[in-house]
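To keep things clear, I will list the structure first and then write my remarks on it.
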Amino acid sequence: MRSKTFVTRTKYKYTVLFDAVTITECRTRESAVRIPQTIKGYPVTSIGSMAFVKCAETLEEVTVPDGVEEIGEGAFGDCVALKKVNLPEGLHYIGNNAFAGCCELSEVKLPEGLTAIGDSTFKGCGKLTDINIPGTVECIGDNAFAGCGITEITFPGSLKSLGFSAFACPGLKKVTVLGDIYNIGR
């Protein structure tokens with residue numbers, strides 16, 4: 001089945017496939033964005049790769065709605081003004097480089113239900129000092145939090161795979177492991 005690409009008269013370019021919307025481009029210069037839960041009656045279920053690259057200089061806060069299950073590769077990458085991200089329960093996957101280079105990002109709560117965090121997802125988010133890994137996360141990719149300001153981290157019992165240099169954080173002092181991690185690094 002082919003997807004159809006649409007442009008709204010407002011803020012987003014998107015595709016519809018199997019009656020679900022993927023946001024493919026944000027077209028606003030607003031500092032705070034609340035992504036809609038539906039567009040033209042279709043549920044928004046994913047944020048596509050590089051979707052917010054055009055907002056990189058102005059976006060300070062984003063709210064991702066309930067129903068979004070995946071955030072694509074580089075979706076918010078290098079949004080240098082981004083400070084706060086509100087993620088929904090039910091989000092399962094955050095893609096590679098999704099928030100990499102968001103040097104002002106200091107507030108994000110990872111939701112229960114999240115199962116995988118891709119490679120370099122939060123790499124270079126130096127102001128991100130506090131993160132709680134939910135008890136549903138099974139995989140954290142290479143360099144996922146490298147360069148963050150995290151000083152302590154607890155790995156849940158659900159974690160099975162931890163990527164190479166996933167927490168290469170210069171100030172990391174305390175690591176707690178609550179289960180068996182079967183794969184570490186390469």
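Letters for chains follow the order of the structure tokens (A, B, ...), residue numbers begin at 1 for each chain, and ligand numbers begin at 1 in the order shown.
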Non-local contacts of stretch 91-104 of chain A (9 Å; only C-alpha atoms; under 3 positions in same chain excluded) as a ChimeraX atom specification: /A:49-50,56,60,66-84,87-88,110-128,137,141,144-145
Neighbouring residues of stretch 11-17 of chain A were defined as those with any atom within 12 Å, considering only C-alpha atoms; residues of the same chain fewer than 6 positions away were excluded. Please report them as a short mmCIF file (atom, residue, chain, number, x, y, z; two decimals) with N, CA, C and O atoms, in the first residue's frame.
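Result file part11.cif:
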```cif
data_model
loop_
_atom_site.label_atom_id
_atom_site.label_comp_id
_atom_site.auth_asym_id
_atom_site.auth_seq_id
_atom_site.Cartn_x
_atom_site.Cartn_y
_atom_site.Cartn_z
N MET A 1 0.84 -1.18 0.00
CA MET A 1 0.00 0.00 0.00
C MET A 1 0.89 1.24 0.00
O MET A 1 1.86 1.31 0.73
N ARG A 2 0.56 2.19 -0.80
CA ARG A 2 1.32 3.43 -0.88
C ARG A 2 0.83 4.41 0.17
O ARG A 2 -0.35 4.49 0.47
N SER A 3 1.76 5.19 0.69
CA SER A 3 1.35 6.24 1.62
C SER A 3 1.03 7.49 0.81
O SER A 3 1.50 7.68 -0.30
N LYS A 4 0.23 8.34 1.39
CA LYS A 4 -0.11 9.61 0.77
C LYS A 4 0.48 10.71 1.62
O LYS A 4 0.40 10.68 2.84
N THR A 5 1.08 11.69 0.98
CA THR A 5 1.68 12.82 1.68
C THR A 5 0.76 14.02 1.55
O THR A 5 0.27 14.33 0.47
N ILE A 23 4.06 12.43 11.24
CA ILE A 23 4.47 13.82 11.01
C ILE A 23 5.84 13.75 10.33
O ILE A 23 6.77 13.15 10.84
N THR A 24 5.97 14.37 9.16
CA THR A 24 7.24 14.33 8.42
C THR A 24 7.98 15.66 8.42
O THR A 24 9.16 15.70 8.11
N GLU A 25 7.25 16.74 8.74
CA GLU A 25 7.91 18.05 8.76
C GLU A 25 7.10 19.02 9.59
O GLU A 25 5.88 19.09 9.46
N CYS A 26 7.80 19.75 10.43
CA CYS A 26 7.17 20.82 11.19
C CYS A 26 7.48 22.13 10.47
O CYS A 26 8.61 22.36 10.06
N ARG A 27 6.47 22.98 10.33
CA ARG A 27 6.63 24.21 9.57
C ARG A 27 6.26 25.43 10.39
O ARG A 27 5.57 26.30 9.91
N THR A 28 6.71 25.47 11.62
CA THR A 28 6.38 26.61 12.47
C THR A 28 7.66 27.17 13.10
O THR A 28 8.66 26.47 13.19
N ARG A 29 7.59 28.38 13.52
CA ARG A 29 8.71 29.03 14.21
C ARG A 29 8.34 29.28 15.67
O ARG A 29 9.01 30.02 16.37
N GLU A 30 7.25 28.65 16.13
CA GLU A 30 6.81 28.83 17.51
C GLU A 30 7.81 28.20 18.48
O GLU A 30 8.46 27.22 18.14
N VAL A 33 5.42 23.82 21.00
CA VAL A 33 4.59 23.09 20.05
C VAL A 33 3.91 21.93 20.75
O VAL A 33 4.56 21.16 21.46
N ARG A 34 2.61 21.84 20.55
CA ARG A 34 1.83 20.69 21.02
C ARG A 34 1.37 19.95 19.76
O ARG A 34 0.50 20.44 19.04
N ILE A 35 1.98 18.81 19.51
CA ILE A 35 1.63 18.03 18.32
C ILE A 35 0.21 17.51 18.50
O ILE A 35 -0.14 17.02 19.57
N PRO A 36 -0.63 17.60 17.47
CA PRO A 36 -2.02 17.15 17.63
C PRO A 36 -2.13 15.63 17.75
O PRO A 36 -1.29 14.90 17.20
N THR A 38 -4.70 13.94 16.55
CA THR A 38 -5.24 13.49 15.26
C THR A 38 -5.08 14.61 14.24
O THR A 38 -5.03 15.79 14.59
N ILE A 39 -5.03 14.22 12.98
CA ILE A 39 -5.05 15.17 11.86
C ILE A 39 -6.06 14.62 10.86
O ILE A 39 -5.95 13.47 10.43
N LYS A 40 -7.06 15.44 10.55
CA LYS A 40 -8.13 15.07 9.62
C LYS A 40 -8.76 13.72 9.99
O LYS A 40 -9.07 12.91 9.12
N GLY A 41 -8.89 13.47 11.29
CA GLY A 41 -9.53 12.26 11.77
C GLY A 41 -8.63 11.05 11.90
O GLY A 41 -9.04 10.02 12.43
N TYR A 42 -7.40 11.15 11.43
CA TYR A 42 -6.46 10.04 11.53
C TYR A 42 -5.57 10.24 12.76
O TYR A 42 -5.07 11.34 13.01
N PRO A 43 -5.29 9.17 13.51
CA PRO A 43 -4.44 9.30 14.69
C PRO A 43 -2.97 9.51 14.30
O PRO A 43 -2.48 8.91 13.36
N VAL A 44 -2.31 10.40 15.03
CA VAL A 44 -0.87 10.60 14.85
C VAL A 44 -0.17 9.51 15.66
O VAL A 44 -0.33 9.44 16.88
N THR A 45 0.57 8.63 14.97
CA THR A 45 1.21 7.50 15.65
C THR A 45 2.72 7.54 15.63
O THR A 45 3.36 6.79 16.35
N SER A 46 3.30 8.42 14.81
CA SER A 46 4.76 8.51 14.80
C SER A 46 5.23 9.89 14.34
O SER A 46 4.52 10.61 13.65
N ILE A 47 6.44 10.20 14.77
CA ILE A 47 7.14 11.41 14.35
C ILE A 47 8.26 10.93 13.44
O ILE A 47 9.11 10.13 13.86
N GLY A 48 8.28 11.37 12.21
CA GLY A 48 9.22 10.86 11.23
C GLY A 48 10.64 11.38 11.41
O GLY A 48 10.92 12.31 12.18
N SER A 49 11.54 10.77 10.67
CA SER A 49 12.95 11.15 10.68
C SER A 49 13.13 12.62 10.29
O SER A 49 12.51 13.08 9.33
N ALA A 51 11.97 15.28 11.29
CA ALA A 51 10.72 16.04 11.13
C ALA A 51 10.79 17.47 11.66
O ALA A 51 10.12 18.35 11.15
N PHE A 52 11.59 17.70 12.68
CA PHE A 52 11.61 19.03 13.31
C PHE A 52 12.90 19.80 13.03
O PHE A 52 13.18 20.79 13.68
N LYS A 54 13.59 21.90 10.75
CA LYS A 54 13.36 23.30 10.38
C LYS A 54 13.00 24.17 11.58
O LYS A 54 12.97 25.39 11.48
N CYS A 55 12.74 23.54 12.71
CA CYS A 55 12.39 24.27 13.95
C CYS A 55 13.59 24.36 14.89
O CYS A 55 13.45 24.80 16.03
#
```
Residues near A:Pro156, cut-off 12 Å, only C-alpha atoms, skip fewer than 6 positions along chain, as a list of chain:residue names: A:Glu112, A:Thr115, A:Asn132, A:Ile133, A:Pro134, A:Gly135, A:Thr136, A:Val137, A:Glu138, A:Cys139, A:Ile140, A:Leu162, A:Val175, A:Thr176, A:Val177, A:Leu178, A:Gly179, A:Asp180, A:Ile181
Within 8 Å of A:Gly185 using only C-alpha atoms, minus same-chain residues under 5 positions, as a count of residues only: 5
d(atom CA of A:Thr22, atom CA of A:Ile131) in Å: 26.9 Å
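Between atom CA of A:Tyr182 and atom CA of A:Glu89 the separation is 26.4 Å.
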Per-residue DSSP, chain A, filtered to strand (DSSP E or B), as an NGL selection string: :A and (4-7 or 12-17 or 20-26 or 32-34 or 38-39 or 42-47 or 61-63 or 70-71 or 84-86 or 93-94 or 107-108 or 116-117 or 139-140 or 152-155 or 161-162 or 174-177 or 183-184)
Distance of atom CA of A:Gly90 from atom CA of A:Val64, expressed in Å to one decimal place: 11.0 Å
